[in-house]
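This report refers to the structure that appears directly beneath it.
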Amino acid sequence: MARFNPLSGHHPLETRRTDRVAPRDRGQATAAAELDRLIHERMRLGIVSALAANESLSFHDLKKLLATTDGNLSVHARKLEEAKYIACEKYFEGRLPKTVYRLSPAGRHALERYLDQMEALIHSMRAR
Amino acid sequence: MRCAGPVRSRRLRPAPLNAHAIEDLRFIRETMENAASFTAVPGWGGVAMGLTALATACVAPRPTSATAWLITWLAAAPCAFAFGALGIYWKARRAGTPVLTRPGRKFVLSLFPPLLAGAVISLAIYSTGLGRLLPSIWLLLYGVGVMSAGTFSVRVVPVMGLCFMLAGIAALFCPAAWANAAMAAGFGGLHILFGTIIARRYGG
C-alpha cells in the first residue's frame with residue numbers, strides 16, 4: 001500500500017495532472033477529484049479528526065498527538081482556520097501564551113461528508 | 001530467485017483507491033481514538049457506590065471484631081463495583097459509544113493493578129494482625145488507581161484520585177475505632193461528592 005509522504009504533501013488519493021492514469025482508473029480519479037482537498041491532506045485530516053473527538057485541544061496537545069513540528073502544525077491549522085473549519089482562540093495562562101482549537105460546524109460537516117465519500121468509494125469498488 | 005515483476009505496468013496501475021480509502025478511514029478512527037478521553041466515567045454510578053459505602057458503614061460491626069468487619073466490607077466491595085460497572089455501561093450506551101474504546105481500555109488497565117495489589121497486601125496485613133491499617137491502605141491504593149486511570153479521562157477524575165489518597169493518609173493517623181467513619185468519609189463521601197460533579201458536568 002502506498003504510504004503518505006509528509007514531505008511531498010502528496011496524498012495517494014490525489015490525482016496529479018502528470019500522473020498517467022489508465023482508462024479503467026478514470027472513474028476512481030473522478031471520485032478522488034470530488035474529495036474535499038482541504039481535509040484530504042493527511043495532517044489536516046488528523047487535526048479535524050482529533051478535534052471531532054474533543055470539545056477543544058491545545059496546540060501542544062495536537063502537536064503531541066500528531067507527532068509533528070510547531071511549524072507544520074501551524075501552517076496546516078491556519079489553512080483550516082482560513083476555511084473556517086476550525087476556530088482558534090489565543091490567550092495567556094499566567095505568563096504563558098496558549099492556543100486552543102475547536103472544530104466549527106462547517107468543519108464537522110466537511111469531515112462527515114469526507115467520511116461518506118470514503119465509504120461510498122469503498123462500496124463502489126467492492127461492488128465491481 | 002524471485003522475479004521482480006513488470007515494473008512498468010506496476011507504475012501505470014496505482015494501488016486500488018479503495019485500499020487508500022480504507023487506510024484513510026483507519027487513520028481517522030485511530031486519531032479520534034487517541035485524541036478521545038474516557039468519558040463514560042459513571043457519575044451516578046459513583047453516587048451509588050458512595051451510598052453502598054455509607055450503608056455498609058452503618059451496618060458494619062465495630063472494628064474490634066476484625067474478621068466480621070473485614071467480611072462486611074469485602075461483601076460490599078463487589079456490590080459497589082457492580083454499581084460502577086453498570087454506571088459505565090449505562091452512560092456509554094446512552095451516548096451511543098462502545099464501552100471499551102482505546103481510552104476505556106487504558107482506564108481499566110490503569111485502575112486494576114493497584115486494586116489487585118491492595119487485595120494481596122490486605123491478605124498479608126490481616127494475617128499479621130495489623131487490620132487497623134486496612135482502611136488507609138484501601139483508600140490510598142484506590143486513590144492511586146483512580147488517579148492513574150484518570151489520566152485517560154476527564155480532568156476531575158485524577159483530582160478524585162488525589163482526594164482518595166489524601167483521605168488514605170488521614171486515615172493512617174486515625175484511631176482504629178474510627179475505621180468505619182474513615183471508610184464512610186472516603187468511599188462514601190468522596191464517591192457521592194465527585195459522582196455528583198461528574199454526573200452534572202459530564203452527562204450522567
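Ligands are numbered from 1 in the order shown, chains are lettered A, B, ... in the order of the C-alpha cells, and residues start at 1 in each chain.
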
What are the DSSP strand (DSSP E) residues of region 34-111 of chain A, as a list in words? Leu57, Ser58, Ile86, Ala87, Cys88, Glu89, Lys90, Tyr91, Phe92, Glu93, Leu96, Pro97, Lys98, Thr99, Val100, Tyr101, Arg102 and Leu103 of chain A

Need the shell around Ala95 (chain B): protein/DNA/RNA residues with any atom at most 12 Å away, counting only C-alpha atoms. Skip same-chain ones fewer than 3 positions apart. Format as a PDB file with N, CA and C atoms, in the first residue's frame?
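Output contents, as saved in selection.pdb:
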ATOM      1  N   THR B  39     -14.867   9.048  28.560  1.00  0.00           N
ATOM      2  CA  THR B  39     -15.892   9.946  29.104  1.00  0.00           C
ATOM      3  C   THR B  39     -17.031   9.192  29.780  1.00  0.00           C
ATOM      4  N   ALA B  40     -16.970   7.854  29.713  1.00  0.00           N
ATOM      5  CA  ALA B  40     -18.057   7.081  30.327  1.00  0.00           C
ATOM      6  C   ALA B  40     -17.823   6.859  31.822  1.00  0.00           C
ATOM      7  N   VAL B  41     -17.133   7.798  32.471  1.00  0.00           N
ATOM      8  CA  VAL B  41     -16.928   7.676  33.919  1.00  0.00           C
ATOM      9  C   VAL B  41     -18.301   7.813  34.588  1.00  0.00           C
ATOM     10  N   ILE B  88     -21.055   2.719  34.089  1.00  0.00           N
ATOM     11  CA  ILE B  88     -20.250   2.896  32.871  1.00  0.00           C
ATOM     12  C   ILE B  88     -21.029   2.402  31.655  1.00  0.00           C
ATOM     13  N   TYR B  89     -21.615   1.204  31.790  1.00  0.00           N
ATOM     14  CA  TYR B  89     -22.359   0.607  30.677  1.00  0.00           C
ATOM     15  C   TYR B  89     -23.537   1.494  30.284  1.00  0.00           C
ATOM     16  N   TRP B  90     -24.275   1.966  31.282  1.00  0.00           N
ATOM     17  CA  TRP B  90     -25.469   2.794  31.042  1.00  0.00           C
ATOM     18  C   TRP B  90     -25.083   4.107  30.353  1.00  0.00           C
ATOM     19  N   LYS B  91     -23.976   4.717  30.851  1.00  0.00           N
ATOM     20  CA  LYS B  91     -23.567   6.011  30.299  1.00  0.00           C
ATOM     21  C   LYS B  91     -23.076   5.866  28.864  1.00  0.00           C
ATOM     22  N   ALA B  92     -22.267   4.813  28.626  1.00  0.00           N
ATOM     23  CA  ALA B  92     -21.748   4.594  27.265  1.00  0.00           C
ATOM     24  C   ALA B  92     -22.890   4.275  26.306  1.00  0.00           C
ATOM     25  N   PRO B  98     -19.059   2.683  22.250  1.00  0.00           N
ATOM     26  CA  PRO B  98     -18.666   1.414  22.875  1.00  0.00           C
ATOM     27  C   PRO B  98     -17.972   1.664  24.212  1.00  0.00           C
ATOM     28  N   VAL B  99     -18.104   0.701  25.141  1.00  0.00           N
ATOM     29  CA  VAL B  99     -17.514   0.888  26.478  1.00  0.00           C
ATOM     30  C   VAL B  99     -15.993   0.837  26.383  1.00  0.00           C
ATOM     31  N   TYR B 202     -20.629  16.061  33.185  1.00  0.00           N
ATOM     32  CA  TYR B 202     -20.306  15.183  32.058  1.00  0.00           C
ATOM     33  C   TYR B 202     -21.440  14.235  31.701  1.00  0.00           C
ATOM     34  N   GLY B 203     -22.635  14.636  31.998  1.00  0.00           N
ATOM     35  CA  GLY B 203     -23.814  13.932  31.480  1.00  0.00           C
ATOM     36  C   GLY B 203     -24.083  12.549  32.011  1.00  0.00           C
ATOM     37  N   GLY B 204     -24.224  12.444  33.317  1.00  0.00           N
ATOM     38  CA  GLY B 204     -24.694  11.179  33.916  1.00  0.00           C
ATOM     39  C   GLY B 204     -23.643  10.342  34.588  1.00  0.00           C
TER      40      GLY B 204
END

I need the chain A residues near chain B as a PyMOL selection string; criterion: at most 6 Å, counting only C-alpha atoms. chain A and resi 49-50+53+118+122

With N, CA and C atoms kept, could you save the residues just selected as a short mmCIF file (atom, residue, chain, number, x, y, z; two decimals), in the first residue's frame?
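Resulting contents of out_36.cif:
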data_model
loop_
_atom_site.label_atom_id
_atom_site.label_comp_id
_atom_site.auth_asym_id
_atom_site.auth_seq_id
_atom_site.Cartn_x
_atom_site.Cartn_y
_atom_site.Cartn_z
N SER A 49 -9.93 15.31 12.62
CA SER A 49 -10.38 14.09 13.30
C SER A 49 -10.18 14.21 14.80
N ALA A 50 -9.01 14.71 15.21
CA ALA A 50 -8.73 14.84 16.65
C ALA A 50 -9.69 15.82 17.30
N ALA A 53 -13.18 14.52 18.09
CA ALA A 53 -13.32 13.65 19.27
C ALA A 53 -13.21 14.44 20.58
N MET A 118 -15.63 8.57 1.39
CA MET A 118 -14.70 7.44 1.52
C MET A 118 -15.46 6.11 1.53
N ILE A 122 -15.39 3.02 -1.19
CA ILE A 122 -15.09 1.62 -0.85
C ILE A 122 -16.22 0.71 -1.35
#

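Summary of the local environment: counting only C-alpha atoms, residues at most 9 Å from Leu66 (chain A), other than itself and those fewer than 4 positions away along its chain, are Met43, Gly46, Ile47, Ala50, Asp61, Leu62 and Leu73 of chain A; Thr31 of chain B.
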
What does the distance between CA of Leu121 (chain A) and CA of Tyr85 (chain A) come to in Å, to one decimal place? 23.3 Å

Enumerate the residues of chain B with a DSSP assignment of helix (DSSP H, G or I), computed from the backbone, and present them as a ChimeraX atom specification. /B:7-12,17-35,43-59,66-95,102-127,131-152,156-172,176-201

Distance query Phe194 (chain B) at most 9 Å, only C-alpha atoms, self and fewer than 4 positions along chain excluded, as a PDB file with N, CA and C atoms, in the first residue's frame:
ATOM      1  N   GLY B  43     -20.934   8.938  36.780  1.00  0.00           N
ATOM      2  CA  GLY B  43     -21.268   9.905  37.834  1.00  0.00           C
ATOM      3  C   GLY B  43     -22.288   9.325  38.798  1.00  0.00           C
ATOM      4  N   GLY B  46     -21.057   6.347  40.536  1.00  0.00           N
ATOM      5  CA  GLY B  46     -20.196   6.727  41.662  1.00  0.00           C
ATOM      6  C   GLY B  46     -21.027   7.073  42.891  1.00  0.00           C
ATOM      7  N   VAL B  47     -22.136   7.767  42.661  1.00  0.00           N
ATOM      8  CA  VAL B  47     -23.031   8.109  43.781  1.00  0.00           C
ATOM      9  C   VAL B  47     -23.567   6.823  44.409  1.00  0.00           C
ATOM     10  N   VAL B 156     -11.563  15.852  36.198  1.00  0.00           N
ATOM     11  CA  VAL B 156     -11.986  15.731  37.588  1.00  0.00           C
ATOM     12  C   VAL B 156     -11.606  14.361  38.184  1.00  0.00           C
ATOM     13  N   VAL B 157     -11.390  13.361  37.333  1.00  0.00           N
ATOM     14  CA  VAL B 157     -11.117  12.003  37.835  1.00  0.00           C
ATOM     15  C   VAL B 157      -9.763  11.918  38.563  1.00  0.00           C
ATOM     16  N   MET B 160     -10.174  13.422  41.897  1.00  0.00           N
ATOM     17  CA  MET B 160     -10.856  12.499  42.816  1.00  0.00           C
ATOM     18  C   MET B 160      -9.856  11.479  43.377  1.00  0.00           C
ATOM     19  N   GLY B 189     -18.387   9.469  51.160  1.00  0.00           N
ATOM     20  CA  GLY B 189     -18.440  10.912  50.905  1.00  0.00           C
ATOM     21  C   GLY B 189     -17.808  11.326  49.588  1.00  0.00           C
ATOM     22  N   LEU B 190     -16.583  10.837  49.336  1.00  0.00           N
ATOM     23  CA  LEU B 190     -15.880  11.275  48.116  1.00  0.00           C
ATOM     24  C   LEU B 190     -16.571  10.763  46.850  1.00  0.00           C
ATOM     25  N   ILE B 198     -19.387  14.787  38.471  1.00  0.00           N
ATOM     26  CA  ILE B 198     -19.238  14.140  37.141  1.00  0.00           C
ATOM     27  C   ILE B 198     -20.596  14.036  36.449  1.00  0.00           C
ATOM     28  N   ALA B 199     -21.626  13.638  37.216  1.00  0.00           N
ATOM     29  CA  ALA B 199     -22.965  13.484  36.622  1.00  0.00           C
ATOM     30  C   ALA B 199     -23.478  14.811  36.066  1.00  0.00           C
TER      31      ALA B 199
END

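The nearest approach to Leu80 (chain A) among the residues A:Phe59, A:Asp116, A:Tyr101, A:Ser124, with only C-alpha atoms taken into account, belongs to A:Tyr101.
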
Might you pull out every residue within 8 Å of Gly118 (chain B), with only C-alpha atoms counted and same-chain residues fewer than 5 positions away left off, and present them as a PyMOL selection string? chain B and resi 137-138+141-142

Output the selection as a CSV table (one decimal), in the first residue's frame - C-alpha atoms for each residue.
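File selection_23.csv, as written:
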chain,number,residue,atom,x,y,z
B,137,ILE,CA,-4.4,1.1,52.5
B,138,TRP,CA,-7.6,0.6,50.6
B,141,LEU,CA,-4.4,2.3,46.6
B,142,TYR,CA,-7.9,3.0,45.3

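Remark: for Thr151 (chain B), the closest of the candidate residues B:Ser110, B:Ser127, B:Ser136, B:Thr101 is B:Ser110 (distances computed over only C-alpha atoms).
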
Just want the 7 Å neighbourhood of Lys90 (chain A), counted on only C-alpha atoms, with same-chain residues fewer than 6 positions away dropped. Output as a PDB file with N, CA and C atoms, in the first residue's frame.
ATOM      1  N   LYS A  98      -1.279  30.667  25.208  1.00  0.00           N
ATOM      2  CA  LYS A  98      -1.893  29.368  24.925  1.00  0.00           C
ATOM      3  C   LYS A  98      -2.817  29.486  23.717  1.00  0.00           C
ATOM      4  N   THR A  99      -2.760  28.478  22.857  1.00  0.00           N
ATOM      5  CA  THR A  99      -3.616  28.447  21.669  1.00  0.00           C
ATOM      6  C   THR A  99      -4.504  27.217  21.741  1.00  0.00           C
ATOM      7  N   VAL A 100      -5.795  27.440  21.614  1.00  0.00           N
ATOM      8  CA  VAL A 100      -6.750  26.330  21.695  1.00  0.00           C
ATOM      9  C   VAL A 100      -7.582  26.304  20.412  1.00  0.00           C
TER      10      VAL A 100
END
